[in-house]
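Visitor: Right, I'll just put the structure down here and ask away after.
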Amino acid sequence: MSELNDVFDLLKTLIREPSVVGAEHSFFRVLQRELEERGAQVTWYEGVLVAQGSKPFSAMFSAHIDRHGLICTGPNEFQYAAFVAGNRSDLLGNSVSEQLINKIVDRFDATPVMAYEPWSGAYRGKGHIAKSYVCERRNNLIFTLEGMEHLVAGTPVAFADRLTVRDDTISGQLDNVLTAAFLVHLFSQGFEGTAFFTAQEEAGKSWRYLLEWFRRFGSSTNRLIVVDTSPYPDRIEADKQQLVLRHKDANADFDPLLTEQLQAICEVYGHTCSYKDEYIDQKNAQLVAQGLSAQSYGSTEMGRIIAASNGVVTGSTLQIPTTGYHTMEETASIASCQAFLTVLKRIAELH
């Protein structure tokens, strides 16, 4: 547990640093400092920060570091940053984010926010959300803020956040600073492989930055594990497993051998795991029986890069089940975090 506390201490620092979709540069600076302090060789490319040890192809992980927030789009006008950065009309309609947009519209009332300079991270003031609504003409979430009248268009506004640690859970805007903190921590334990930290995943763009790196610097076979959180409707559903795997997402089938290896490691250590695609299949069978529309498998960074790489990159995902998806109260169990650290260290050959 002491090692997990080290991760949580790091997470407490990282979660307070803003990293709104499309305005992640200042967070990359924070990550670079933390990684270099732990001995990693850090290289900064467009949309991806790459941290490497002495054996960069021994194991490769990727975590996206963008979080949901707002962007000022005009005088006292603020929109949901992911849909501005992602060009909403270009999205495919198969991401969980898009399907949830009408469900989350009321989740942000009175949420405290802070504005910052996207490159330096310089503080530009604080306020709170007065109201939010879906504008059908612009097909986006529109927010009214109090205390932010001075901001100019292009200024990112982050949800002000702190980590809450309870006896058996942690809470905050975890997606996806949580698993990014674990990857940073690996280097303090002597990790010799590669960790990618990608931008704009919530806008559906991160895989492009990642694929560009593999095309320039990858080997003939590149096996990648993408780490993230995975949403469930309540704690009962989330606590049925400590870790979440996938055979596939809406875009592609994952590497079956690597997926089986992840499951085998879970079994060796007695960690419970389940497959998100199988869970969605079960839910969809119930929905169809009720005459309702089926849910998407979701669109992940891993699926997108497999589909686009023509065999250059393959891999699978390892995820922590959470509740309160895309809110300030996203919650993960400490048991899941401990299981995640154990499996991560086994793959990284740190056990």
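Ordering of the structure tokens sets the chain letters (A, B, ...); residue numbers start at 1 within each chain; ligands are numbered from 1 in the order shown.
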Quick one: residues within 12 Å of A:Ile236, only C-alpha atoms, excluding same-chain residues fewer than 5 positions away - as a PDB file with N, CA, C and O atoms, in the first residue's frame?
Guide:
```pdb
ATOM      1  N   GLN A 241     -15.552  -6.354 -11.050  1.00  0.00           N
ATOM      2  CA  GLN A 241     -14.228  -6.672 -11.553  1.00  0.00           C
ATOM      3  C   GLN A 241     -13.247  -5.612 -11.057  1.00  0.00           C
ATOM      4  O   GLN A 241     -13.634  -4.472 -10.796  1.00  0.00           O
ATOM      5  N   GLN A 242     -12.000  -6.018 -10.909  1.00  0.00           N
ATOM      6  CA  GLN A 242     -10.973  -5.049 -10.516  1.00  0.00           C
ATOM      7  C   GLN A 242     -10.333  -4.383 -11.718  1.00  0.00           C
ATOM      8  O   GLN A 242      -9.914  -3.222 -11.641  1.00  0.00           O
ATOM      9  N   PRO A 321     -11.985   0.173 -13.793  1.00  0.00           N
ATOM     10  CA  PRO A 321     -13.421   0.494 -13.809  1.00  0.00           C
ATOM     11  C   PRO A 321     -13.739   1.665 -12.883  1.00  0.00           C
ATOM     12  O   PRO A 321     -13.234   1.735 -11.760  1.00  0.00           O
ATOM     13  N   THR A 322     -14.566   2.589 -13.376  1.00  0.00           N
ATOM     14  CA  THR A 322     -14.940   3.757 -12.577  1.00  0.00           C
ATOM     15  C   THR A 322     -16.423   4.044 -12.700  1.00  0.00           C
ATOM     16  O   THR A 322     -17.094   3.565 -13.609  1.00  0.00           O
ATOM     17  N   THR A 323     -16.910   4.859 -11.792  1.00  0.00           N
ATOM     18  CA  THR A 323     -18.265   5.407 -11.875  1.00  0.00           C
ATOM     19  C   THR A 323     -18.154   6.934 -11.930  1.00  0.00           C
ATOM     20  O   THR A 323     -17.108   7.505 -11.631  1.00  0.00           O
ATOM     21  N   SER A 333     -12.031   2.210  -7.244  1.00  0.00           N
ATOM     22  CA  SER A 333     -11.729   1.538  -5.985  1.00  0.00           C
ATOM     23  C   SER A 333     -10.216   1.423  -5.801  1.00  0.00           C
ATOM     24  O   SER A 333      -9.461   1.284  -6.773  1.00  0.00           O
TER      25      SER A 333
END
```
Visitor: So that each row is one residue of stretch 162-189 of chain A with an atom at most 7 Å from stretch 65-83 of chain A, can you give its shortest atom pair and the distance in Å to one decimal, using only C-alpha atoms, rows by chain and rising number, as JSON lines?
Guide:
```
{"residue": "A:Asp175", "atom": "CA", "partner": "A:Arg67", "partner_atom": "CA", "distance": 6.5}
{"residue": "A:Asn176", "atom": "CA", "partner": "A:Ile65", "partner_atom": "CA", "distance": 5.8}
{"residue": "A:Val177", "atom": "CA", "partner": "A:Ile65", "partner_atom": "CA", "distance": 5.8}
{"residue": "A:Ala180", "atom": "CA", "partner": "A:Ile65", "partner_atom": "CA", "distance": 6.7}
```
Visitor: With only C-alpha atoms as the counted atoms, please give the residues lying no more than 12 Å from A:Phe254, apart from itself and same-chain residues fewer than 4 positions off, as number ranges by chain.
Guide: A: 223-226, 245-250, 258-260, 275, 277, 300-307, 311, 313-318
Visitor: Could you save the residues just selected, with C-alpha atoms, as a PDB file, in the first residue's frame?
Guide:
```pdb
ATOM      1  CA  ARG A 223       2.872  -4.143 -29.369  1.00  0.00           C
ATOM      2  CA  LEU A 224       1.241  -1.427 -27.346  1.00  0.00           C
ATOM      3  CA  ILE A 225      -0.884  -1.437 -24.198  1.00  0.00           C
ATOM      4  CA  VAL A 226      -3.210   1.550 -23.850  1.00  0.00           C
ATOM      5  CA  LEU A 245      -9.945  -5.855 -20.690  1.00  0.00           C
ATOM      6  CA  ARG A 246     -11.275  -5.807 -24.249  1.00  0.00           C
ATOM      7  CA  HIS A 247     -11.282  -8.122 -27.235  1.00  0.00           C
ATOM      8  CA  LYS A 248     -12.232  -5.198 -29.461  1.00  0.00           C
ATOM      9  CA  ASP A 249     -13.816  -1.774 -29.693  1.00  0.00           C
ATOM     10  CA  ALA A 250     -15.984  -0.118 -32.351  1.00  0.00           C
ATOM     11  CA  LEU A 258      -1.547  -9.902 -25.676  1.00  0.00           C
ATOM     12  CA  THR A 259      -5.103  -9.804 -24.357  1.00  0.00           C
ATOM     13  CA  GLU A 260      -4.791 -13.421 -23.177  1.00  0.00           C
ATOM     14  CA  TYR A 275     -14.228  -7.872 -20.920  1.00  0.00           C
ATOM     15  CA  ASP A 277     -17.160  -5.762 -25.134  1.00  0.00           C
ATOM     16  CA  THR A 300     -10.596   3.791 -28.046  1.00  0.00           C
ATOM     17  CA  GLU A 301      -7.139   5.036 -28.909  1.00  0.00           C
ATOM     18  CA  MET A 302      -6.070   1.409 -29.335  1.00  0.00           C
ATOM     19  CA  GLY A 303      -8.816   0.520 -31.784  1.00  0.00           C
ATOM     20  CA  ARG A 304      -8.249   3.616 -33.877  1.00  0.00           C
ATOM     21  CA  ILE A 305      -4.502   3.052 -34.238  1.00  0.00           C
ATOM     22  CA  ILE A 306      -4.923  -0.650 -35.069  1.00  0.00           C
ATOM     23  CA  ALA A 307      -7.473   0.186 -37.753  1.00  0.00           C
ATOM     24  CA  GLY A 311      -0.429  -3.884 -39.143  1.00  0.00           C
ATOM     25  CA  VAL A 313       0.814  -1.341 -34.479  1.00  0.00           C
ATOM     26  CA  THR A 314      -1.128  -3.960 -32.561  1.00  0.00           C
ATOM     27  CA  GLY A 315      -2.006  -4.293 -28.926  1.00  0.00           C
ATOM     28  CA  SER A 316      -4.681  -4.267 -26.250  1.00  0.00           C
ATOM     29  CA  THR A 317      -6.046  -2.198 -23.377  1.00  0.00           C
ATOM     30  CA  LEU A 318      -5.893  -2.370 -19.592  1.00  0.00           C
TER      31      LEU A 318
END
```
Visitor: Which value, in Å to one decimal, gives the distance between atom CA of A:Ala160 and atom CA of A:Thr229?
Guide: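 These two atoms are separated by 19.8 Å.
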Visitor: Nearest residue to A:Ser309 out of A:Gly125, A:Gly324, A:Pro233, A:Gly218, using only C-alpha atoms?
Guide: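 Result for the nearest residue to A:Ser309: A:Gly218.
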Visitor: I want to know what sits within 12 Å of A:Lys205, based on only C-alpha atoms, with residues of the same chain fewer than 4 positions away left out; could you give that as a ChimeraX atom specification?
Guide: /A:21-22,46-48,64,66,82-83,85-88,90-91,198-201,209-212,299-302,304-305
